[in-house]
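*Asks:* So here's run_7.cif (mmCIF, C-alpha atoms).
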data_upload
#
loop_
_atom_site.group_PDB
_atom_site.id
_atom_site.type_symbol
_atom_site.label_atom_id
_atom_site.label_comp_id
_atom_site.auth_asym_id
_atom_site.auth_seq_id
_atom_site.Cartn_x
_atom_site.Cartn_y
_atom_site.Cartn_z
ATOM 1 C CA MET A 1 41.344 -15.571 -15.988
ATOM 2 C CA ALA A 2 38.927 -12.715 -15.595
ATOM 3 C CA TYR A 3 38.773 -10.833 -12.346
ATOM 4 C CA LYS A 4 35.616 -9.235 -11.056
ATOM 5 C CA GLU A 5 35.524 -6.820 -8.212
ATOM 6 C CA ARG A 6 32.851 -7.784 -5.725
ATOM 7 C CA GLY A 7 30.671 -5.471 -3.684
ATOM 8 C CA ALA A 8 29.039 -2.132 -4.225
ATOM 9 C CA MET A 9 30.539 1.282 -4.602
ATOM 10 C CA VAL A 10 28.711 4.135 -2.876
ATOM 11 C CA ARG A 11 29.356 7.853 -3.125
ATOM 12 C CA ILE A 12 27.547 10.474 -1.083
ATOM 13 C CA HIS A 13 27.628 14.142 -1.951
ATOM 14 C CA THR A 14 26.148 16.868 0.217
ATOM 15 C CA ILE A 15 25.712 20.493 -0.673
ATOM 16 C CA THR A 16 24.977 23.022 2.042
ATOM 17 C CA ASN A 17 24.138 26.690 1.994
ATOM 18 C CA SER A 18 23.283 26.709 -1.666
ATOM 19 C CA SER A 19 20.279 28.884 -0.726
ATOM 20 C CA THR A 20 18.753 28.839 -4.154
ATOM 21 C CA ALA A 21 15.545 30.840 -4.285
ATOM 22 C CA LEU A 22 12.552 29.391 -6.067
ATOM 23 C CA SER A 23 10.791 32.209 -7.805
ATOM 24 C CA SER A 24 9.361 31.142 -11.137
ATOM 25 C CA PRO A 25 7.529 28.192 -12.581
ATOM 26 C CA THR A 26 10.292 27.273 -14.980
ATOM 27 C CA LEU A 27 13.102 24.846 -15.170
ATOM 28 C CA LEU A 28 15.437 25.673 -12.367
ATOM 29 C CA PRO A 29 18.861 24.143 -11.857
ATOM 30 C CA VAL A 30 19.154 23.775 -8.130
ATOM 31 C CA THR A 31 22.657 22.544 -8.082
ATOM 32 C CA SER A 32 25.051 20.572 -10.162
ATOM 33 C CA LEU A 33 27.835 18.394 -8.924
ATOM 34 C CA ASP A 34 31.019 17.986 -10.829
ATOM 35 C CA TYR A 35 31.602 14.314 -11.157
ATOM 36 C CA PRO A 36 35.173 13.643 -12.177
ATOM 37 C CA HIS A 37 35.169 9.957 -11.301
ATOM 38 C CA ASN A 38 33.049 8.659 -14.099
ATOM 39 C CA HIS A 39 35.487 8.559 -16.956
ATOM 40 C CA LYS A 40 35.617 4.812 -16.923
ATOM 41 C CA LYS A 41 32.968 2.852 -18.689
ATOM 42 C CA GLN A 42 32.894 0.350 -15.869
ATOM 43 C CA GLU A 43 31.170 2.895 -13.656
ATOM 44 C CA GLY A 44 28.172 3.381 -15.931
ATOM 45 C CA ASP A 45 24.656 2.245 -15.050
ATOM 46 C CA ARG A 46 24.748 3.374 -11.477
ATOM 47 C CA LEU A 47 21.742 4.274 -9.386
ATOM 48 C CA ALA A 48 21.541 7.908 -8.333
ATOM 49 C CA PHE A 49 19.286 9.197 -5.557
ATOM 50 C CA THR A 50 18.707 12.844 -4.753
ATOM 51 C CA GLN A 51 16.950 14.682 -2.008
ATOM 52 C CA ILE A 52 16.638 18.397 -1.419
ATOM 53 C CA MET A 53 15.967 20.302 1.755
ATOM 54 C CA THR A 54 13.837 23.408 1.480
ATOM 55 C CA SER A 55 12.630 26.171 3.717
ATOM 56 C CA GLN A 56 10.153 28.995 3.636
ATOM 57 C CA ARG A 57 12.010 32.271 3.577
ATOM 58 C CA HIS A 58 9.189 34.674 4.358
ATOM 59 C CA GLY A 59 5.544 35.337 3.667
ATOM 60 C CA GLY A 60 2.735 32.865 3.429
ATOM 61 C CA ASN A 61 3.234 31.126 0.111
ATOM 62 C CA ASP A 62 4.271 27.529 -0.071
ATOM 63 C CA GLY A 63 5.557 25.863 -3.183
ATOM 64 C CA PHE A 64 5.425 22.370 -4.494
ATOM 65 C CA PHE A 65 7.284 20.797 -7.331
ATOM 66 C CA CYS A 66 9.190 17.720 -8.301
ATOM 67 C CA HIS A 67 12.889 17.355 -8.681
ATOM 68 C CA ILE A 68 14.734 15.086 -11.035
ATOM 69 C CA ILE A 69 18.238 13.969 -11.808
ATOM 70 C CA ARG A 70 20.156 16.290 -14.063
ATOM 71 C CA THR A 71 23.107 15.004 -15.982
ATOM 72 C CA ASP A 72 25.126 16.004 -18.986
ATOM 73 C CA GLU A 73 25.161 12.561 -20.509
ATOM 74 C CA TYR A 74 22.133 12.985 -22.753
ATOM 75 C CA THR A 75 22.681 16.493 -23.994
ATOM 76 C CA HIS A 76 21.349 15.508 -27.396
ATOM 77 C CA THR A 77 17.867 15.814 -25.909
ATOM 78 C CA GLY A 78 18.409 19.523 -25.421
ATOM 79 C CA ALA A 79 17.440 19.379 -21.775
ATOM 80 C CA GLY A 80 20.161 17.325 -20.234
ATOM 81 C CA ASN A 81 17.746 15.765 -17.806
ATOM 82 C CA LEU A 82 16.548 12.334 -16.935
ATOM 83 C CA PRO A 83 14.048 10.783 -17.361
ATOM 84 C CA LEU A 84 14.177 9.729 -20.930
ATOM 85 C CA ILE A 85 12.370 6.755 -22.365
ATOM 86 C CA GLY A 86 12.825 3.936 -19.927
ATOM 87 C CA TYR A 87 14.048 6.154 -17.127
ATOM 88 C CA TYR A 88 11.706 7.198 -14.371
ATOM 89 C CA PRO A 89 13.121 9.348 -11.655
ATOM 90 C CA GLY A 90 11.619 12.403 -10.128
ATOM 91 C CA PHE A 91 9.552 13.267 -7.158
ATOM 92 C CA GLU A 92 7.268 15.946 -5.957
ATOM 93 C CA ARG A 93 6.372 17.876 -2.877
ATOM 94 C CA PRO A 94 9.561 18.725 -1.093
ATOM 95 C CA LEU A 95 7.659 21.657 0.357
ATOM 96 C CA PRO A 96 4.779 21.148 2.753
ATOM 97 C CA GLN A 97 1.847 21.582 0.418
ATOM 98 C CA GLY A 98 0.250 19.673 -2.390
ATOM 99 C CA LEU A 99 -3.021 19.056 -4.117
ATOM 100 C CA LEU A 100 -3.811 15.846 -2.331
ATOM 101 C CA VAL A 101 -0.902 14.135 -3.993
ATOM 102 C CA MET A 102 1.752 12.394 -1.991
ATOM 103 C CA MET A 103 4.820 10.544 -3.091
ATOM 104 C CA SER A 104 8.341 9.930 -1.994
ATOM 105 C CA GLU A 105 10.508 12.990 -1.746
ATOM 106 C CA VAL A 106 13.535 11.279 -3.170
ATOM 107 C CA SER A 107 14.404 11.134 -6.854
ATOM 108 C CA CYS A 108 15.970 8.084 -8.402
ATOM 109 C CA ALA A 109 17.504 7.542 -11.821
ATOM 110 C CA LEU A 110 19.850 5.232 -13.601
ATOM 111 C CA VAL A 111 22.830 7.231 -14.783
ATOM 112 C CA GLY A 112 23.910 5.010 -17.566
ATOM 113 C CA SER A 113 26.614 6.537 -19.671
ATOM 114 C CA ASP A 114 30.350 6.536 -19.269
ATOM 115 C CA SER A 115 30.396 10.115 -20.499
ATOM 116 C CA ALA A 116 28.410 11.663 -17.654
ATOM 117 C CA ASP A 117 30.835 14.119 -16.148
ATOM 118 C CA ASP A 118 28.379 15.816 -13.864
ATOM 119 C CA VAL A 119 25.189 14.800 -12.153
ATOM 120 C CA GLY A 120 22.892 17.185 -10.335
ATOM 121 C CA ILE A 121 19.392 18.016 -9.181
ATOM 122 C CA GLN A 122 16.830 20.068 -10.985
ATOM 123 C CA THR A 123 13.272 21.124 -10.224
ATOM 124 C CA LEU A 124 10.592 21.005 -12.881
ATOM 125 C CA THR A 125 7.896 23.430 -13.924
ATOM 126 C CA SER A 126 5.684 23.793 -10.931
ATOM 127 C CA SER A 127 4.180 26.078 -8.400
ATOM 128 C CA GLN A 128 7.331 27.610 -6.999
ATOM 129 C CA TYR A 129 6.896 30.724 -4.951
ATOM 130 C CA ASN A 130 9.626 33.105 -4.034
ATOM 131 C CA ASP A 131 9.054 32.403 -0.388
ATOM 132 C CA ASN A 132 10.932 29.170 -0.736
ATOM 133 C CA ALA A 133 14.590 28.363 -0.897
ATOM 134 C CA VAL A 134 16.695 25.278 -1.303
ATOM 135 C CA ASP A 135 19.120 25.118 1.590
ATOM 136 C CA ASN A 136 20.657 21.697 1.338
ATOM 137 C CA SER A 137 20.746 18.874 -1.115
ATOM 138 C CA SER A 138 22.343 15.498 -1.367
ATOM 139 C CA LEU A 139 23.191 13.000 -4.027
ATOM 140 C CA VAL A 140 23.931 9.333 -3.425
ATOM 141 C CA GLU A 141 25.261 7.063 -6.137
ATOM 142 C CA VAL A 142 25.404 3.294 -5.923
ATOM 143 C CA SER A 143 27.208 1.132 -8.454
ATOM 144 C CA MET B 144 46.089 -14.820 -14.254
ATOM 145 C CA SER B 145 46.199 -11.080 -14.752
ATOM 146 C CA TYR B 146 44.756 -8.305 -12.681
ATOM 147 C CA ASP B 147 44.400 -4.675 -13.622
ATOM 148 C CA PRO B 148 43.549 -2.684 -10.492
ATOM 149 C CA SER B 149 42.499 0.340 -12.563
ATOM 150 C CA VAL B 150 39.532 -1.553 -13.996
ATOM 151 C CA TYR B 151 36.629 -1.596 -11.574
ATOM 152 C CA GLN B 152 33.733 -3.802 -12.487
ATOM 153 C CA PRO B 153 30.984 -3.899 -9.847
ATOM 154 C CA ASN B 154 29.455 -7.315 -9.648
ATOM 155 C CA SER B 155 25.905 -6.034 -9.881
ATOM 156 C CA THR B 156 23.314 -4.723 -12.313
ATOM 157 C CA ARG B 157 20.576 -2.168 -11.830
ATOM 158 C CA THR B 158 17.286 -1.143 -13.449
ATOM 159 C CA VAL B 159 14.768 1.606 -12.666
ATOM 160 C CA PHE B 160 11.039 1.185 -13.280
ATOM 161 C CA THR B 161 7.792 3.036 -12.659
ATOM 162 C CA THR B 162 4.118 2.235 -12.159
ATOM 163 C CA ILE B 163 1.522 2.645 -14.906
ATOM 164 C CA ASP B 164 0.349 6.237 -15.165
ATOM 165 C CA SER B 165 -3.286 5.618 -16.111
ATOM 166 C CA ALA B 166 -6.642 4.586 -14.692
ATOM 167 C CA THR B 167 -5.289 1.041 -14.635
ATOM 168 C CA ASN B 168 -4.126 2.022 -11.173
ATOM 169 C CA ALA B 169 -7.312 3.851 -10.156
ATOM 170 C CA ASP B 170 -9.345 3.323 -6.980
ATOM 171 C CA ILE B 171 -6.791 1.176 -5.177
ATOM 172 C CA THR B 172 -7.982 -0.600 -2.048
ATOM 173 C CA ALA B 173 -6.567 -3.329 0.196
ATOM 174 C CA GLY B 174 -5.585 -6.409 -1.788
ATOM 175 C CA ASP B 175 -5.380 -4.587 -5.115
ATOM 176 C CA ARG B 176 -2.375 -4.740 -7.383
ATOM 177 C CA ILE B 177 -0.585 -1.530 -8.369
ATOM 178 C CA GLN B 178 0.707 -2.317 -11.824
ATOM 179 C CA ILE B 179 4.261 -1.739 -12.995
ATOM 180 C CA ALA B 180 4.896 -0.295 -16.462
ATOM 181 C CA SER B 181 6.634 -2.597 -18.914
ATOM 182 C CA THR B 182 7.663 0.186 -21.321
ATOM 183 C CA GLY B 183 11.403 0.365 -21.573
ATOM 184 C CA PHE B 184 11.923 -2.270 -18.894
ATOM 185 C CA SER B 185 14.854 -4.625 -19.386
ATOM 186 C CA HIS B 186 16.652 -6.540 -16.678
ATOM 187 C CA ALA B 187 18.487 -9.866 -16.501
ATOM 188 C CA ASN B 188 16.370 -12.685 -15.052
ATOM 189 C CA CYS B 189 13.306 -10.457 -14.695
ATOM 190 C CA THR B 190 10.461 -9.276 -16.934
ATOM 191 C CA VAL B 191 7.251 -7.304 -16.456
ATOM 192 C CA ASN B 192 4.231 -9.317 -17.579
ATOM 193 C CA ALA B 193 0.896 -8.133 -18.983
ATOM 194 C CA SER B 194 -0.512 -7.830 -15.462
ATOM 195 C CA GLY B 195 2.170 -5.371 -14.393
ATOM 196 C CA GLN B 196 3.983 -7.894 -12.202
ATOM 197 C CA LEU B 197 7.693 -8.647 -11.909
ATOM 198 C CA VAL B 198 8.501 -12.195 -13.039
ATOM 199 C CA PHE B 199 11.836 -13.375 -11.659
ATOM 200 C CA THR B 200 13.349 -16.462 -13.265
ATOM 201 C CA ALA B 201 16.625 -16.712 -11.331
ATOM 202 C CA GLY B 202 19.180 -14.727 -9.400
ATOM 203 C CA GLU B 203 19.405 -12.614 -6.283
ATOM 204 C CA HIS B 204 17.741 -9.224 -6.170
ATOM 205 C CA ILE B 205 16.951 -6.304 -3.912
ATOM 206 C CA ILE B 206 13.780 -4.536 -5.022
ATOM 207 C CA CYS B 207 12.457 -1.188 -3.885
ATOM 208 C CA THR B 208 9.432 0.841 -4.905
ATOM 209 C CA THR B 209 7.469 3.979 -4.245
ATOM 210 C CA ILE B 210 3.915 4.800 -5.284
ATOM 211 C CA GLU B 211 1.763 7.820 -5.969
ATOM 212 C CA ASN B 212 -1.446 8.557 -4.095
ATOM 213 C CA THR B 213 -3.899 10.997 -5.668
ATOM 214 C CA ARG B 214 -7.016 11.272 -3.589
ATOM 215 C CA ARG B 215 -10.571 11.850 -4.761
ATOM 216 C CA SER B 216 -12.193 14.232 -4.165
ATOM 217 C CA LEU B 217 -10.098 17.341 -3.847
ATOM 218 C CA SER B 218 -12.237 18.793 -1.092
ATOM 219 C CA GLY B 219 -12.522 17.773 2.514
ATOM 220 C CA ALA B 220 -9.922 17.213 5.180
ATOM 221 C CA GLN B 221 -9.762 13.472 4.765
ATOM 222 C CA GLU B 222 -6.556 11.682 5.579
ATOM 223 C CA THR B 223 -6.059 8.924 3.005
ATOM 224 C CA PRO B 224 -3.183 6.521 3.580
ATOM 225 C CA VAL B 225 -2.250 3.709 1.194
ATOM 226 C CA GLU B 226 0.055 1.067 2.620
ATOM 227 C CA PHE B 227 1.870 -0.844 -0.090
ATOM 228 C CA ARG B 228 4.209 -3.786 -0.089
ATOM 229 C CA PHE B 229 5.764 -6.306 -2.447
ATOM 230 C CA TYR B 230 3.681 -9.462 -2.665
ATOM 231 C CA ASP B 231 4.900 -12.916 -3.697
ATOM 232 C CA VAL B 232 2.092 -14.072 -5.993
ATOM 233 C CA THR B 233 3.646 -17.507 -6.434
ATOM 234 C CA ASN B 234 3.586 -18.331 -2.725
ATOM 235 C CA SER B 235 0.789 -15.984 -1.653
ATOM 236 C CA GLN B 236 2.757 -14.029 0.914
ATOM 237 C CA TYR B 237 3.976 -10.510 1.486
ATOM 238 C CA LEU B 238 7.679 -9.786 1.178
ATOM 239 C CA GLY B 239 9.977 -7.334 2.896
ATOM 240 C CA VAL B 240 8.736 -4.182 4.535
ATOM 241 C CA ALA B 241 5.714 -2.030 3.740
ATOM 242 C CA GLY B 242 5.613 1.621 2.766
ATOM 243 C CA ARG B 243 2.865 4.139 3.440
ATOM 244 C CA CYS B 244 1.892 7.064 1.250
ATOM 245 C CA ILE B 245 -0.607 9.543 2.711
ATOM 246 C CA SER B 246 -2.600 12.137 0.808
ATOM 247 C CA GLN B 247 -4.256 14.927 2.704
ATOM 248 C CA LEU B 248 -5.645 18.356 2.013
ATOM 249 C CA PHE B 249 -2.770 20.777 2.498
ATOM 250 C CA SER B 250 -4.599 22.794 5.129
ATOM 251 C CA SER B 251 -5.145 19.730 7.297
ATOM 252 C CA THR B 252 -2.857 17.777 9.561
ATOM 253 C CA ASN B 253 -1.777 14.186 9.107
ATOM 254 C CA ALA B 254 -2.114 11.954 12.142
ATOM 255 C CA LEU B 255 0.014 9.250 10.495
ATOM 256 C CA GLN B 256 3.637 9.228 9.503
ATOM 257 C CA ALA B 257 4.619 8.326 5.960
ATOM 258 C CA ALA B 258 7.115 5.611 5.045
ATOM 259 C CA PRO B 259 7.287 6.168 1.325
ATOM 260 C CA MET B 260 9.273 3.136 0.183
ATOM 261 C CA SER B 261 8.796 -0.613 0.247
ATOM 262 C CA ILE B 262 11.850 -2.869 0.016
ATOM 263 C CA ALA B 263 12.208 -6.645 -0.375
ATOM 264 C CA TYR B 264 14.763 -9.341 -1.174
ATOM 265 C CA VAL B 265 14.165 -12.021 -3.812
ATOM 266 C CA ASN B 266 16.348 -15.085 -4.470
ATOM 267 C CA THR B 267 13.954 -17.590 -6.038
ATOM 268 C CA ALA B 268 11.964 -17.819 -9.267
ATOM 269 C CA ILE B 269 8.718 -16.114 -8.262
ATOM 270 C CA THR B 270 6.232 -13.570 -9.548
ATOM 271 C CA VAL B 271 6.069 -10.395 -7.485
ATOM 272 C CA GLU B 272 3.653 -7.509 -7.572
ATOM 273 C CA ILE B 273 3.192 -4.240 -5.711
ATOM 274 C CA ARG B 274 0.067 -4.737 -3.612
ATOM 275 C CA CYS B 275 -1.988 -2.418 -1.462
ATOM 276 C CA GLN B 276 -1.934 -3.918 2.011
ATOM 277 C CA ALA B 277 -4.218 -1.407 3.695
ATOM 278 C CA HIS B 278 -6.211 1.650 2.757
ATOM 279 C CA SER B 279 -8.624 4.040 4.405
ATOM 280 C CA GLY B 280 -10.044 7.503 3.896
ATOM 281 C CA GLY B 281 -11.070 8.673 0.444
ATOM 282 C CA ILE B 282 -10.704 7.081 -2.967
ATOM 283 C CA ALA B 283 -7.015 6.582 -3.712
ATOM 284 C CA ASP B 284 -5.778 6.690 -7.294
ATOM 285 C CA CYS B 285 -2.200 5.532 -7.706
ATOM 286 C CA TYR B 286 -1.459 7.570 -10.823
ATOM 287 C CA ASN B 287 -1.302 11.218 -11.822
ATOM 288 C CA ARG B 288 -5.056 11.675 -12.185
ATOM 289 C CA LEU B 289 -4.688 15.426 -11.828
ATOM 290 C CA ALA B 290 -2.459 15.547 -14.926
ATOM 291 C CA ILE B 291 -0.333 18.342 -13.532
ATOM 292 C CA ASN B 292 3.201 18.606 -14.723
ATOM 293 C CA TYR B 293 5.068 19.181 -11.524
ATOM 294 C CA ILE B 294 4.420 15.712 -10.238
ATOM 295 C CA GLY B 295 7.213 13.255 -10.801
ATOM 296 C CA ASN B 296 6.836 9.600 -11.573
ATOM 297 C CA PRO B 297 6.794 6.944 -8.898
ATOM 298 C CA TRP B 298 9.969 4.921 -9.134
ATOM 299 C CA GLY B 299 11.335 1.574 -8.165
ATOM 300 C CA TYR B 300 14.589 -0.196 -8.747
ATOM 301 C CA ILE B 301 15.998 -3.685 -9.000
ATOM 302 C CA TYR B 302 19.554 -4.201 -7.777
ATOM 303 C CA SER B 303 20.923 -7.608 -8.644
ATOM 304 C CA ALA B 304 24.066 -9.631 -8.203
ATOM 305 C CA ILE B 305 25.785 -10.927 -11.322
ATOM 306 C CA GLY B 306 27.076 -14.462 -11.553
#
Just dump the structure as structure tokens.
*Replies:*
Amino acid sequence: MAYKERGAMVRIHTITNSSTALSSPTLLPVTSLDYPHNHKKQEGDRLAFTQIMTSQRHGGNDGFFCHIIRTDEYTHTGAGNLPLIGYYPGFERPLPQGLLVMMSEVSCALVGSDSADDVGIQTLTSSQYNDNAVDNSSLVEVS
Amino acid sequence: MSYDPSVYQPNSTRTVFTTIDSATNADITAGDRIQIASTGFSHANCTVNASGQLVFTAGEHIICTTIENTRRSLSGAQETPVEFRFYDVTNSQYLGVAGRCISQLFSSTNALQAAPMSIAYVNTAITVEIRCQAHSGGIADCYNRLAINYIGNPWGYIYSAIG
């Protein structure tokens, strides 16, 4: 007789004081979380949500960019980031400016592989000024 | 009967989707559908049809979505909110709670608060779409009309029970 566990599994990770400066319009790894729990195939295909907290360090420049889920599970793409085909995470404007574009400030992705040992947050090419810093970030995973 | 406590098998399945990133979702006003992309979509008991709607055939699901709001024109301090919500096309009624996405010139101040997600619960065989419930201000395009690369994709998810 097969046994199935019922109910969801939720993990919440918070990173504080990372204080990562945003200074160039390039790929920027904000933070990466070691994820030692996902060595079992049964934990694949989980939803991951990320949110970052930013601040203006000095000066008058504001930045705006999107952030996506970063994971090591698809390293064959060379980038190690989601989304791939069929995956659509990523959101813009964590800082208080934008060109008349508004969306959610939470990223979402399906982390699907049993070989994903770490999952993190990464900003994309954007208008990132060195006045801005990432102070806090969080990652929530739901299976 | 055997039981292996080291094997955890959540009794649920999950899929992430996005909305169509093209003029298909241009000039959205109240009552309009914001179409979901079918590319790469695969989920038990649910498909995306040619109209960009979710077609549920069975099961129990929690659905959540966000949208994008790109306002025309780029000038002028015009607050442009788009309120969006899941709509049950089969029974002609809104589901769950609405979200609100507001575009505004960066130098201006929003009078409204944003609620960027819409969430609903589905447990019958119905067709569901993302629908604009209210809109004001300028022309709202619900896709990346500006074609700039630091804008992410709107996302939604389906979280479903198995068995």
*Asks:* Go through B:Thr158, B:Gln247, B:Asn266, B:Asn168 and flag the residue nearest Gln221 in chain B, using all atoms listed in the file for the distances.
*Replies:*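 Closest candidate: B:Gln247.
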*Asks:* Any chance you could resolve the PyMOL selection byres ((chain A and resi 12-14) around 6) against this file and give the residues as a list in words?
*Replies:*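 Selected by the PyMOL selection byres ((chain A and resi 12-14) around 6) in this file: Arg11, Ile15, Ser137, Ser138, Leu139 and Val140 of chain A.
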*Asks:* Excluding same-chain residues fewer than 4 positions from Arg228 in chain B, what lies within 7 Å of it counting only C-alpha atoms, as a PyMOL selection string?
*Replies:* chain B and resi 237+240-242+261+273-276
*Asks:* Taking into account all atoms listed in the file, which residue in the set B:Thr252, B:Thr161, B:Ser303, B:Asn212 is nearest to Ser143 in chain A?
*Replies:*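 Closest candidate: B:Ser303.
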*Asks:* A:Ile69, A:Val142, A:Val111, A:Leu100: which is nearest chain B, counting only C-alpha atoms?
*Replies:*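 Answer, going by the shortest atom-to-atom distance: A:Leu100.
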